[in-house]
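Raw contents of upload-v4.cif, mmCIF, C-alpha atoms:
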```cif
data_target
#
loop_
_atom_site.label_atom_id
_atom_site.label_comp_id
_atom_site.auth_asym_id
_atom_site.auth_seq_id
_atom_site.Cartn_x
_atom_site.Cartn_y
_atom_site.Cartn_z
CA MET A 258 -32.52 -35.25 -24.54
CA PRO A 259 -33.18 -31.63 -23.54
CA SER A 260 -36.29 -30.10 -25.00
CA LEU A 261 -36.37 -26.92 -27.05
CA LYS A 262 -37.57 -25.01 -24.03
CA ASP A 263 -34.61 -26.27 -22.02
CA TYR A 264 -32.26 -24.88 -24.68
CA ARG A 265 -34.03 -21.54 -24.72
CA ASP A 266 -33.84 -21.25 -20.94
CA ARG A 267 -30.21 -22.23 -20.96
CA ILE A 268 -29.30 -19.63 -23.59
CA GLN A 269 -31.22 -16.97 -21.72
CA SER A 270 -29.41 -17.75 -18.48
CA VAL A 271 -25.95 -17.75 -20.08
CA LYS A 272 -26.81 -14.44 -21.73
CA SER A 273 -27.65 -12.83 -18.42
CA THR A 274 -24.49 -14.24 -16.89
CA ARG A 275 -22.56 -12.69 -19.73
CA LYS A 276 -24.17 -9.34 -18.99
CA ILE A 277 -23.01 -9.58 -15.39
CA THR A 278 -19.45 -10.62 -16.20
CA SER A 279 -19.03 -7.92 -18.80
CA ALA A 280 -20.34 -5.31 -16.34
CA MET A 281 -17.91 -6.58 -13.72
CA LYS A 282 -15.13 -6.30 -16.24
CA MET A 283 -15.96 -2.66 -16.87
CA VAL A 284 -16.08 -1.92 -13.15
CA ALA A 285 -12.77 -3.70 -12.57
CA ALA A 286 -11.18 -1.75 -15.41
CA SER A 287 -12.14 1.58 -13.90
CA LYS A 288 -11.09 0.47 -10.42
CA LEU A 289 -7.82 -0.75 -11.84
CA LYS A 290 -7.13 2.69 -13.22
CA LYS A 291 -7.74 4.25 -9.82
CA ALA A 292 -5.65 1.65 -8.03
CA GLN A 293 -2.78 2.14 -10.44
CA GLU A 294 -2.92 5.87 -9.94
CA ALA A 295 -2.83 5.39 -6.18
CA ALA A 296 0.14 3.07 -6.50
CA GLU A 297 1.95 5.58 -8.68
CA ALA A 298 1.16 8.46 -6.34
CA SER A 299 2.71 6.57 -3.44
CA GLU A 300 5.90 5.93 -5.36
CA PRO A 301 7.74 9.20 -4.56
CA TYR A 302 7.37 8.72 -0.81
CA ALA A 303 8.61 5.16 -0.87
CA ARG A 304 11.46 6.08 -3.17
CA ALA A 305 12.56 9.04 -1.07
CA MET A 306 12.30 6.84 2.02
CA ARG A 307 14.54 4.20 0.49
CA ALA A 308 17.08 6.76 -0.63
CA MET A 309 17.13 8.32 2.84
CA MET A 310 17.50 4.91 4.47
CA ALA A 311 20.41 4.08 2.22
CA ARG A 312 22.08 7.38 3.04
CA VAL A 313 21.68 7.01 6.78
CA ALA A 314 22.59 3.33 6.78
CA ALA A 315 25.74 4.14 4.83
CA GLY A 316 26.77 6.49 7.62
CA VAL A 317 26.24 3.95 10.38
CA ALA A 318 28.43 0.99 11.12
CA ILE A 319 26.00 -1.91 11.08
CA ASN A 320 26.93 -4.30 13.86
CA ASP A 321 25.09 -6.52 16.28
CA SER A 322 24.26 -3.62 18.53
CA GLY A 323 22.41 -1.81 15.75
CA PRO A 324 18.65 -1.41 15.72
CA ARG A 325 16.94 -4.78 15.90
CA LEU A 326 14.67 -3.98 12.99
CA LEU A 327 17.78 -3.89 10.87
CA VAL A 328 20.07 -6.53 12.36
CA GLY A 329 17.37 -8.87 13.65
CA THR A 330 17.14 -10.58 16.99
CA GLY A 331 20.03 -12.89 16.24
CA ARG A 332 17.65 -15.83 15.96
CA ASP A 333 15.50 -17.12 13.15
CA HIS A 334 13.18 -19.40 15.03
CA ALA A 335 9.86 -17.57 15.13
CA HIS A 336 8.44 -16.41 11.83
CA LEU A 337 5.58 -14.06 11.20
CA LEU A 338 4.03 -14.24 7.75
CA VAL A 339 1.89 -11.37 6.56
CA VAL A 340 -0.41 -12.75 3.89
CA VAL A 341 -2.01 -10.17 1.62
CA THR A 342 -5.02 -11.22 -0.44
CA ALA A 343 -8.14 -9.59 -1.78
CA SER A 344 -11.31 -9.35 0.24
CA ARG A 345 -13.43 -10.38 -2.72
CA GLY A 346 -13.37 -13.31 -5.06
CA LEU A 347 -14.09 -13.64 -8.77
CA CYS A 348 -10.60 -12.61 -9.71
CA GLY A 349 -9.20 -15.76 -11.27
CA GLY A 350 -6.27 -17.38 -9.52
CA PHE A 351 -5.31 -14.20 -7.70
CA ASN A 352 -6.21 -15.39 -4.21
CA SER A 353 -5.75 -19.12 -4.65
CA ASN A 354 -2.23 -18.78 -6.09
CA LEU A 355 -1.26 -16.62 -3.18
CA VAL A 356 -2.78 -18.94 -0.61
CA ARG A 357 -0.96 -21.85 -2.25
CA LEU A 358 2.35 -20.00 -1.88
CA ALA A 359 1.50 -19.20 1.73
CA ARG A 360 0.74 -22.86 2.50
CA LYS A 361 3.97 -23.94 0.87
CA GLU A 362 5.89 -21.39 2.88
CA ILE A 363 4.20 -22.44 6.11
CA SER A 364 4.93 -26.11 5.61
CA ARG A 365 8.50 -25.37 4.54
CA LEU A 366 9.16 -23.37 7.70
CA GLN A 367 7.39 -25.86 9.91
CA GLY A 368 9.35 -28.66 8.24
CA GLU A 369 12.52 -26.86 9.30
CA GLY A 370 11.21 -26.83 12.85
CA LYS A 371 10.45 -23.11 12.97
CA SER A 372 7.40 -21.68 14.59
CA VAL A 373 5.04 -19.82 12.30
CA ARG A 374 2.41 -17.20 13.05
CA LEU A 375 0.18 -15.51 10.52
CA VAL A 376 -1.29 -12.09 10.00
CA CYS A 377 -3.93 -12.08 7.29
CA ILE A 378 -4.78 -8.98 5.33
CA GLY A 379 -7.85 -9.49 3.17
CA ARG A 380 -10.85 -11.69 3.80
CA LYS A 381 -10.19 -14.37 1.18
CA GLY A 382 -6.79 -15.32 2.51
CA ARG A 383 -8.06 -15.40 6.05
CA ASP A 384 -10.96 -17.68 5.13
CA ALA A 385 -8.77 -20.06 3.17
CA LEU A 386 -6.00 -20.28 5.76
CA ARG A 387 -8.37 -20.47 8.69
CA ARG A 388 -9.39 -23.97 7.60
CA ASP A 389 -5.97 -25.48 8.25
CA PHE A 390 -4.08 -22.95 10.31
CA GLU A 391 -6.70 -21.40 12.57
CA GLU A 392 -4.41 -21.56 15.61
CA LEU A 393 -1.54 -19.81 13.79
CA ILE A 394 -3.46 -16.66 12.89
CA VAL A 395 -2.63 -13.88 15.33
CA LYS A 396 -4.79 -11.26 13.71
CA SER A 397 -6.70 -10.54 10.54
CA PHE A 398 -7.31 -7.20 8.93
CA VAL A 399 -10.26 -7.24 6.55
CA GLY A 400 -12.24 -4.65 4.67
CA LEU A 401 -9.17 -2.53 4.05
CA GLY A 402 -9.77 -1.19 0.59
CA GLY A 403 -13.27 0.19 0.77
CA ARG A 404 -14.84 2.70 -1.53
CA GLU A 405 -12.13 5.26 -0.91
CA GLY A 406 -9.31 2.80 -1.49
CA ILE A 407 -6.50 1.91 0.87
CA SER A 408 -5.57 4.77 3.15
CA PHE A 409 -2.14 5.12 4.65
CA ARG A 410 -3.72 5.54 8.06
CA LYS A 411 -5.22 2.06 7.98
CA VAL A 412 -1.97 0.54 6.82
CA ASP A 413 -0.24 2.41 9.61
CA GLU A 414 -2.44 0.55 12.05
CA ILE A 415 -1.17 -2.77 10.68
CA THR A 416 2.43 -1.55 10.76
CA ARG A 417 2.06 -0.57 14.39
CA PHE A 418 0.52 -3.92 15.21
CA ILE A 419 3.45 -5.75 13.62
CA LEU A 420 6.01 -3.49 15.30
CA ALA A 421 4.36 -3.90 18.70
CA ARG A 422 4.49 -7.70 18.39
CA PHE A 423 8.13 -7.45 17.36
CA GLU A 424 8.92 -5.31 20.40
CA GLU A 425 7.25 -7.93 22.56
CA GLY A 426 9.60 -10.48 21.04
CA GLN A 427 6.85 -12.62 19.54
CA PHE A 428 8.76 -13.25 16.34
CA ASP A 429 12.27 -12.93 14.89
CA ILE A 430 11.58 -12.68 11.21
CA CYS A 431 8.67 -11.11 9.40
CA SER A 432 7.95 -11.78 5.74
CA LEU A 433 5.32 -10.44 3.46
CA ILE A 434 3.51 -12.74 1.06
CA HIS A 435 1.75 -10.73 -1.57
CA ASN A 436 0.95 -10.47 -5.24
CA GLN A 437 3.35 -8.31 -7.14
CA PHE A 438 1.78 -6.32 -9.91
CA LYS A 439 3.87 -7.01 -12.96
CA ASN A 440 1.39 -5.94 -15.59
CA VAL A 441 -2.32 -6.20 -16.19
CA LEU A 442 -2.06 -9.85 -17.19
CA VAL A 443 0.59 -11.02 -14.76
CA GLN A 444 0.63 -10.87 -10.98
CA ILE A 445 3.41 -12.78 -9.30
CA PRO A 446 2.86 -14.23 -5.83
CA SER A 447 6.08 -13.47 -4.01
CA THR A 448 7.63 -13.24 -0.57
CA GLN A 449 9.56 -10.29 0.73
CA GLN A 450 11.37 -10.03 4.03
CA LEU A 451 10.34 -7.04 6.12
CA ILE A 452 12.06 -7.66 9.45
CA PRO A 453 15.01 -7.68 9.75
CA LEU A 454 15.16 -5.41 6.78
CA PRO A 455 17.68 -6.32 4.12
CA VAL A 456 20.14 -3.42 4.42
CA PRO A 457 19.49 -1.00 1.59
CA THR A 458 22.87 -0.54 0.00
CA GLU A 459 23.52 2.36 -2.25
CA SER A 460 24.82 0.01 -4.91
CA GLY A 461 21.60 -1.98 -4.88
CA GLU A 462 19.52 1.10 -5.40
CA PRO A 463 19.62 2.61 -8.88
CA ASP A 464 18.48 6.00 -7.54
CA ALA A 465 21.06 6.02 -4.83
CA VAL A 466 23.83 5.10 -7.22
CA ALA A 467 23.10 8.14 -9.29
CA ASP A 468 22.85 10.19 -6.13
CA ARG A 469 26.13 9.01 -4.78
CA GLY A 470 28.00 9.94 -7.93
CA GLN A 471 26.51 13.37 -7.71
CA TYR A 472 27.42 13.86 -4.08
CA SER A 473 30.93 12.55 -4.19
CA ALA A 474 31.51 14.88 -7.10
CA ALA A 475 30.27 17.75 -4.99
CA GLU A 476 32.23 16.29 -2.07
CA GLN A 477 29.27 16.62 0.16
CA ARG A 478 29.16 15.01 3.52
CA TYR A 479 25.87 14.44 5.16
CA GLY A 480 24.99 15.89 8.48
CA PHE A 481 22.49 13.97 10.58
CA GLU A 482 20.12 15.33 13.10
CA PRO A 483 19.77 13.59 15.54
CA GLU A 484 22.85 11.40 15.20
CA GLU A 485 22.83 8.58 12.64
CA SER A 486 22.00 5.66 14.88
CA ILE A 487 19.02 7.40 16.49
CA LEU A 488 17.82 8.68 13.16
CA LEU A 489 18.08 5.20 11.71
CA ALA A 490 16.04 3.80 14.57
CA GLN A 491 13.35 6.38 13.80
CA LEU A 492 13.46 5.81 10.06
CA LEU A 493 13.18 2.03 10.19
CA PRO A 494 9.58 1.77 11.43
CA LYS A 495 8.48 4.48 8.99
CA ASN A 496 10.20 2.67 6.19
CA LEU A 497 8.42 -0.55 7.14
CA GLY A 498 5.13 1.35 6.92
CA ALA A 499 6.00 2.79 3.53
CA GLN A 500 6.97 -0.64 2.20
CA LEU A 501 3.83 -2.28 3.49
CA TYR A 502 1.70 0.51 2.09
CA GLN A 503 3.24 0.13 -1.32
CA ALA A 504 2.86 -3.63 -1.26
CA LEU A 505 -0.82 -3.28 -0.40
CA LEU A 506 -1.46 -0.76 -3.15
CA ASP A 507 0.37 -3.03 -5.54
CA SER A 508 -1.74 -5.96 -4.48
CA ALA A 509 -4.94 -3.91 -4.82
CA ALA A 510 -4.04 -2.95 -8.36
CA GLY A 511 -3.20 -6.59 -9.08
CA GLU A 512 -6.56 -7.69 -7.73
CA GLN A 513 -8.47 -5.42 -10.08
CA ALA A 514 -6.28 -6.43 -13.00
CA ALA A 515 -6.83 -10.11 -12.22
CA ARG A 516 -10.56 -9.56 -11.92
CA MET A 517 -10.66 -7.69 -15.18
CA THR A 518 -8.82 -10.49 -16.97
CA ALA A 519 -10.94 -13.19 -15.34
CA MET A 520 -14.15 -11.41 -16.26
CA ASP A 521 -12.95 -10.82 -19.79
CA ASN A 522 -12.30 -14.55 -20.14
CA ALA A 523 -15.66 -15.35 -18.59
CA THR A 524 -17.43 -12.99 -20.97
CA SER A 525 -15.87 -14.53 -24.05
CA ALA A 526 -16.44 -18.05 -22.69
CA ALA A 527 -20.09 -17.17 -22.22
CA GLY A 528 -20.19 -15.89 -25.81
CA ASP A 529 -18.78 -19.20 -27.09
CA MET A 530 -21.26 -21.11 -25.00
CA ILE A 531 -24.16 -19.10 -26.38
CA ASP A 532 -22.98 -19.84 -29.93
CA ASP A 533 -22.75 -23.56 -29.19
CA LEU A 534 -26.12 -23.64 -27.52
CA THR A 535 -27.74 -21.68 -30.33
CA LEU A 536 -26.35 -24.14 -32.85
CA GLN A 537 -27.64 -27.09 -30.86
CA TYR A 538 -30.97 -25.35 -30.39
CA ASN A 539 -31.36 -24.82 -34.12
CA ARG A 540 -30.38 -28.41 -34.88
CA GLU A 541 -32.87 -29.67 -32.37
CA ARG A 542 -35.56 -27.37 -33.77
CA GLN A 543 -34.91 -28.59 -37.29
CA SER A 544 -35.01 -32.20 -36.27
CA VAL A 545 -38.31 -31.62 -34.51
CA ILE A 546 -39.71 -30.08 -37.70
CA THR A 547 -38.36 -32.98 -39.78
CA LYS A 548 -39.86 -35.47 -37.38
CA GLU A 549 -43.25 -33.76 -37.55
CA LEU A 550 -43.14 -33.74 -41.36
CA ILE A 551 -42.30 -37.43 -41.47
CA GLU A 552 -45.20 -38.10 -39.13
CA VAL A 553 -47.58 -36.15 -41.35
CA VAL A 554 -46.29 -37.81 -44.52
CA SER A 555 -46.32 -41.33 -43.16
CA GLY A 556 -49.79 -40.71 -41.67
CA ALA A 557 -51.05 -39.62 -45.12
CA GLU A 558 -49.49 -42.69 -46.76
CA ALA A 559 -51.10 -45.03 -44.25
CA THR A 560 -54.59 -43.87 -45.03
CA MET B 204 20.37 41.37 -7.94
CA VAL B 205 18.69 38.12 -8.79
CA GLU B 206 21.08 35.27 -9.36
CA ALA B 207 20.15 32.45 -11.68
CA ALA B 208 20.19 29.91 -8.88
CA ASP B 209 18.76 31.49 -5.79
CA THR B 210 16.13 28.78 -5.47
CA PHE B 211 16.28 25.09 -4.74
CA GLU B 212 13.95 22.23 -5.58
CA PHE B 213 11.51 21.64 -2.75
CA GLU B 214 9.26 18.63 -2.34
CA LEU B 215 6.67 17.96 0.33
CA VAL B 216 5.65 14.32 0.09
CA GLU B 217 2.91 12.42 1.87
CA PRO B 218 2.63 8.64 1.56
CA GLU B 219 -0.45 9.08 -0.61
CA GLN B 220 0.64 11.97 -2.76
CA VAL B 221 3.16 14.69 -3.55
CA LEU B 222 1.79 17.94 -2.13
CA ILE B 223 4.36 20.42 -3.37
CA ASP B 224 7.04 20.07 -5.95
CA GLY B 225 8.77 23.13 -7.24
CA PRO B 226 11.48 25.73 -6.78
CA MET B 227 11.55 27.62 -3.49
CA TRP B 228 13.59 30.50 -2.18
CA GLN B 229 13.51 29.49 1.46
CA ALA B 230 11.98 26.86 3.73
CA VAL B 231 11.84 26.70 7.50
CA LEU B 232 11.43 23.20 8.90
CA PRO B 233 10.61 22.04 12.42
CA GLY B 234 13.82 20.06 12.97
CA PHE B 235 14.29 17.53 15.71
CA GLU B 236 16.71 19.78 17.53
CA GLY B 237 15.02 23.06 16.65
CA ASP B 238 13.65 24.85 13.63
CA PHE B 239 16.06 25.38 10.82
CA GLY B 240 15.98 27.32 7.59
CA VAL B 241 16.96 25.98 4.21
CA ARG B 242 18.14 28.01 1.24
CA VAL B 243 20.06 27.07 -1.82
CA ASN B 244 23.52 25.64 -1.08
CA HIS B 245 22.54 24.42 2.35
CA CYS B 246 24.86 21.74 3.67
CA ALA B 247 23.70 18.18 3.11
CA LEU B 248 21.56 17.07 6.01
CA VAL B 249 19.12 14.36 6.96
CA SER B 250 16.95 15.39 9.84
CA ALA B 251 13.98 14.07 11.73
CA LEU B 252 11.11 16.53 12.09
CA ARG B 253 8.92 17.30 15.06
CA PRO B 254 5.19 17.84 14.59
CA GLY B 255 5.03 21.50 13.63
CA ILE B 256 4.92 24.00 10.83
CA VAL B 257 6.78 23.90 7.55
CA SER B 258 6.96 27.37 6.02
CA ILE B 259 7.99 27.92 2.45
CA TRP B 260 8.71 31.04 0.45
CA ARG B 261 8.63 30.94 -3.31
CA THR B 262 10.42 34.25 -3.61
CA GLU B 263 12.11 36.61 -1.23
CA GLY B 264 9.78 39.03 0.50
CA GLU B 265 6.49 37.26 -0.18
CA ALA B 266 4.31 35.82 2.57
CA PRO B 267 5.18 32.24 3.40
CA HIS B 268 2.96 29.28 2.67
CA GLN B 269 2.52 27.21 5.79
CA TYR B 270 1.83 23.54 6.28
CA PHE B 271 1.34 21.54 9.41
CA VAL B 272 3.29 18.27 9.42
CA SER B 273 2.74 15.48 11.91
CA GLY B 274 6.45 14.80 12.07
CA GLY B 275 8.61 13.13 9.47
CA PHE B 276 12.00 13.51 7.86
CA ALA B 277 13.81 16.02 5.71
CA ASP B 278 16.53 15.28 3.22
CA VAL B 279 18.47 18.42 2.33
CA THR B 280 21.19 18.83 -0.24
CA ALA B 281 22.66 21.91 -1.90
CA ASP B 282 19.94 22.21 -4.52
CA ASN B 283 17.23 19.96 -3.18
CA CYS B 284 15.05 19.58 -0.13
CA THR B 285 12.64 16.70 0.30
CA VAL B 286 10.28 16.62 3.26
CA LEU B 287 8.60 13.32 4.03
CA ALA B 288 5.60 13.68 6.29
CA GLU B 289 3.03 11.07 7.24
CA GLU B 290 0.46 13.81 7.29
CA ALA B 291 0.71 17.34 5.96
CA VAL B 292 -2.13 19.86 5.97
CA ASP B 293 -2.33 23.39 4.69
CA LEU B 294 -2.48 25.53 7.80
CA ARG B 295 -5.39 27.48 6.34
CA ASP B 296 -7.45 24.27 6.31
CA LEU B 297 -7.18 23.85 10.05
CA SER B 298 -9.79 25.45 12.23
CA ARG B 299 -9.88 25.55 16.00
CA PRO B 300 -13.55 24.55 16.46
CA HIS B 301 -13.17 21.54 14.17
CA LEU B 302 -10.04 20.40 15.93
CA GLN B 303 -11.64 20.79 19.32
CA GLN B 304 -14.55 18.70 18.12
CA ASP B 305 -12.11 16.06 16.83
CA LEU B 306 -10.31 16.07 20.15
CA GLN B 307 -13.57 15.59 22.02
CA ASP B 308 -14.59 12.72 19.73
CA LEU B 309 -11.23 11.03 20.10
CA ASN B 310 -11.28 11.32 23.87
CA GLU B 311 -14.72 9.75 23.88
CA GLU B 312 -13.48 6.97 21.65
CA LEU B 313 -10.49 6.46 23.91
CA SER B 314 -12.73 5.98 26.95
CA LEU B 315 -14.59 3.25 25.02
CA ALA B 316 -11.50 1.50 23.63
CA ASN B 317 -10.77 -1.78 25.37
CA ASP B 318 -7.95 -3.10 23.18
CA PRO B 319 -4.50 -1.66 24.07
CA ASP B 320 -3.41 -1.50 20.40
CA HIS B 321 -6.49 0.47 19.49
CA ALA B 322 -6.08 2.75 22.50
CA ALA B 323 -2.47 3.47 21.52
CA LEU B 324 -3.66 4.38 18.05
CA ILE B 325 -6.22 6.84 19.41
CA GLU B 326 -3.70 8.33 21.80
CA ARG B 327 -1.44 9.00 18.87
CA ALA B 328 -4.25 10.64 16.94
CA ILE B 329 -4.99 12.78 19.99
CA ALA B 330 -1.35 13.85 20.20
CA ILE B 331 -1.51 14.96 16.56
CA VAL B 332 -4.73 16.90 17.03
CA GLU B 333 -3.21 18.57 20.09
CA ALA B 334 -0.13 19.50 18.08
CA LYS B 335 -2.42 20.98 15.42
CA LEU B 336 -4.33 22.92 18.07
CA ALA B 337 -1.07 24.30 19.38
CA VAL B 338 -0.01 25.67 15.99
CA VAL B 339 -3.46 27.06 15.21
CA GLY B 340 -3.41 28.77 18.59
CA ASP B 341 -0.11 30.41 17.74
CA GLY B 342 -1.28 31.76 14.45
CA LYS B 343 -4.59 33.29 15.47
#
```
Rewrite the structure from the file as structure tokens, please.
Amino acid sequence: MPSLKDYRDRIQSVKSTRKITSAMKMVAASKLKKAQEAAEASEPYARAMRAMMARVAAGVAINDSGPRLLVGTGRDHAHLLVVVTASRGLCGGFNSNLVRLARKEISRLQGEGKSVRLVCIGRKGRDALRRDFEELIVKSFVGLGGREGISFRKVDEITRFILARFEEGQFDICSLIHNQFKNVLVQIPSTQQLIPLPVPTESGEPDAVADRGQYSAAEQRYGFEPEESILLAQLLPKNLGAQLYQALLDSAAGEQAARMTAMDNATSAAGDMIDDLTLQYNRERQSVITKELIEVVSGAEAT
Amino acid sequence: MVEAADTFEFELVEPEQVLIDGPMWQAVLPGFEGDFGVRVNHCALVSALRPGIVSIWRTEGEAPHQYFVSGGFADVTADNCTVLAEEAVDLRDLSRPHLQQDLQDLNEELSLANDPDHAALIERAIAIVEAKLAVVGDGK
């Protein structure tokens, strides 16, 4: 049976935990706002890039001799998985859900007899995957989103790393495993193929559909400088960078949203716990008083 | 005579933000095969850009606004021109002494780099600083 002092200590400690979680919630909320703004600000570039890709790709006959980033190497044996997690914890299931998906994906591919390599972005994913797949990790990028957020320059470094390994022929297919930011409450762990890039068709792209109508009405024909196939080969790596950058910003916003939700839950759980403990404390206090009274009364009767 | 549509929509977009978005009278872009000018009703064109200067005029006769771009792509249609650049800086924000300092720092860093990926990254940064130095040298 815990003593009254134990209850008091317990309540005090839960109260200070609640202070911490509610402060973390506030911080996450303000970081979320920043991260969302960054993600929105990067939208025009990515959108324009997609539209341009669709336009150029529409002008090029895609065949086996096309750029390898688009048509692939013709094999699907070696896979590179880029796993994007947060570098910090305390954000609910954000990291663990993603790592679970990554593990599933790894064992699925290995079960099919493919070879799998990993690139980890974010400390948490690296730490979790290192336990079982140490030998698969080619490189880890950690400490990406510092105080000033995720800069395109840093993401560019990762893009170049991936492209260089592709040029060396170290993998055939590259997929991204990341958390998609659906809304503040929902982040969906998902995979997205980066190399070879699914050909952006104008029909698949709402923007481009609108564009196409406009252009065919104006009967415009695009000129390309340099010629389409060279231009496409130049666009592809840039597009990969833009996609990766957007995915990382998305994931960063998701991380803050997940942390905010997790801390909100923790704060209210701590509140419930304090209520329960206070009730128990009062009961215990009353029973102590009752016991003392009985002792006094029965002592008086005995004499 | 000022026609209703003697401007086109111009956008200068970096991965992290939109730098300029508004109507322009004329733009001169550092195209892959040479500089080219854009005005309203330009033929539709997608072009790669060299590192160089993007000049834009809001109205005819005024002094152009100039930006340095580290290369990129331009998407031109009759009434629209979108420039995608990985890095774009207002030319007025570039100064020769700063750039020379940057160049010196990068060269030092390059001599210390032992990882080929990292070295390639620095070499690229050096190429960009050198391109900036070249345009600053032209202007002043």
Q: Using only C-alpha atoms, find which residues of chain B lie within 10 Å of chain A and jot them down as an MDAnalysis selection string.
A: chainID B and resid 214:221 234:237 246:252 275:281 285:290 320:321 323:324
**Q.** Close residues, region 301-308 of chain B itself excluded, 7 Å, all atoms listed in the file, min 4 positions apart in chain, as a ChimeraX atom specification
**A.** /B:312,329,332,336
Please put the answer as AutoDock Vina command-line options: centre and edge lengths, in Å with one decimal, of a box along x, y and z that encloses all listed atoms of region 292-298 of chain B plus 8 Å on each side.
```
--center_x -6.0 --center_y 23.7 --center_z 8.5 --size_x 23.7 --size_y 23.6 --size_z 23.5
```
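Pairwise distance (CA of Gln229 (chain B), CA of Ala208 (chain B)) equals 12.3 Å.
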Q: Given the file shown, enumerate the residues that the PyMOL selection byres ((chain B and resi 339) around 12) captures and present them as a list of chain:residue names.
A: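 Taken over the shown coordinates, the PyMOL selection byres ((chain B and resi 339) around 12) returns B:Gly255, B:Ile256, B:Gln269, B:Tyr270, B:Phe271, B:Val292, B:Asp293, B:Leu294, B:Arg295, B:Asp296, B:Leu297, B:Ser298, B:Arg299, B:Pro300, B:His301, B:Leu302, B:Gln303, B:Val332, B:Glu333, B:Ala334, B:Lys335, B:Leu336, B:Ala337, B:Val338, B:Gly340, B:Asp341, B:Gly342, B:Lys343.
Taking CA of Asp429 (chain A) and CA of Val340 (chain A) as endpoints, the distance between them is 16.8 Å.
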So that I can see what lies close to Asn522 (chain A), please list as a PDB file with C-alpha atoms, in the coordinates of the input the residues with an atom at most 10 Å from it, counting all atoms listed in the file and leaving out residues fewer than 4 positions away in the same chain.
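The new file out36.pdb reads:
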```
ATOM      1  CA  THR A 278     -19.450 -10.620 -16.200  1.00  0.00           C
ATOM      2  CA  SER A 279     -19.030  -7.920 -18.800  1.00  0.00           C
ATOM      3  CA  LYS A 282     -15.130  -6.300 -16.240  1.00  0.00           C
ATOM      4  CA  GLY A 349      -9.200 -15.760 -11.270  1.00  0.00           C
ATOM      5  CA  ARG A 516     -10.560  -9.560 -11.920  1.00  0.00           C
ATOM      6  CA  MET A 517     -10.660  -7.690 -15.180  1.00  0.00           C
ATOM      7  CA  THR A 518      -8.820 -10.490 -16.970  1.00  0.00           C
ATOM      8  CA  ALA A 526     -16.440 -18.050 -22.690  1.00  0.00           C
ATOM      9  CA  ALA A 527     -20.090 -17.170 -22.220  1.00  0.00           C
ATOM     10  CA  GLY A 528     -20.190 -15.890 -25.810  1.00  0.00           C
TER      11      GLY A 528
END
```
Q. Hey, can you check how far CA of Asn354 (chain A) sits from CA of Met520 (chain A)?
A.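 Distance reported for this atom pair: 17.3 Å.
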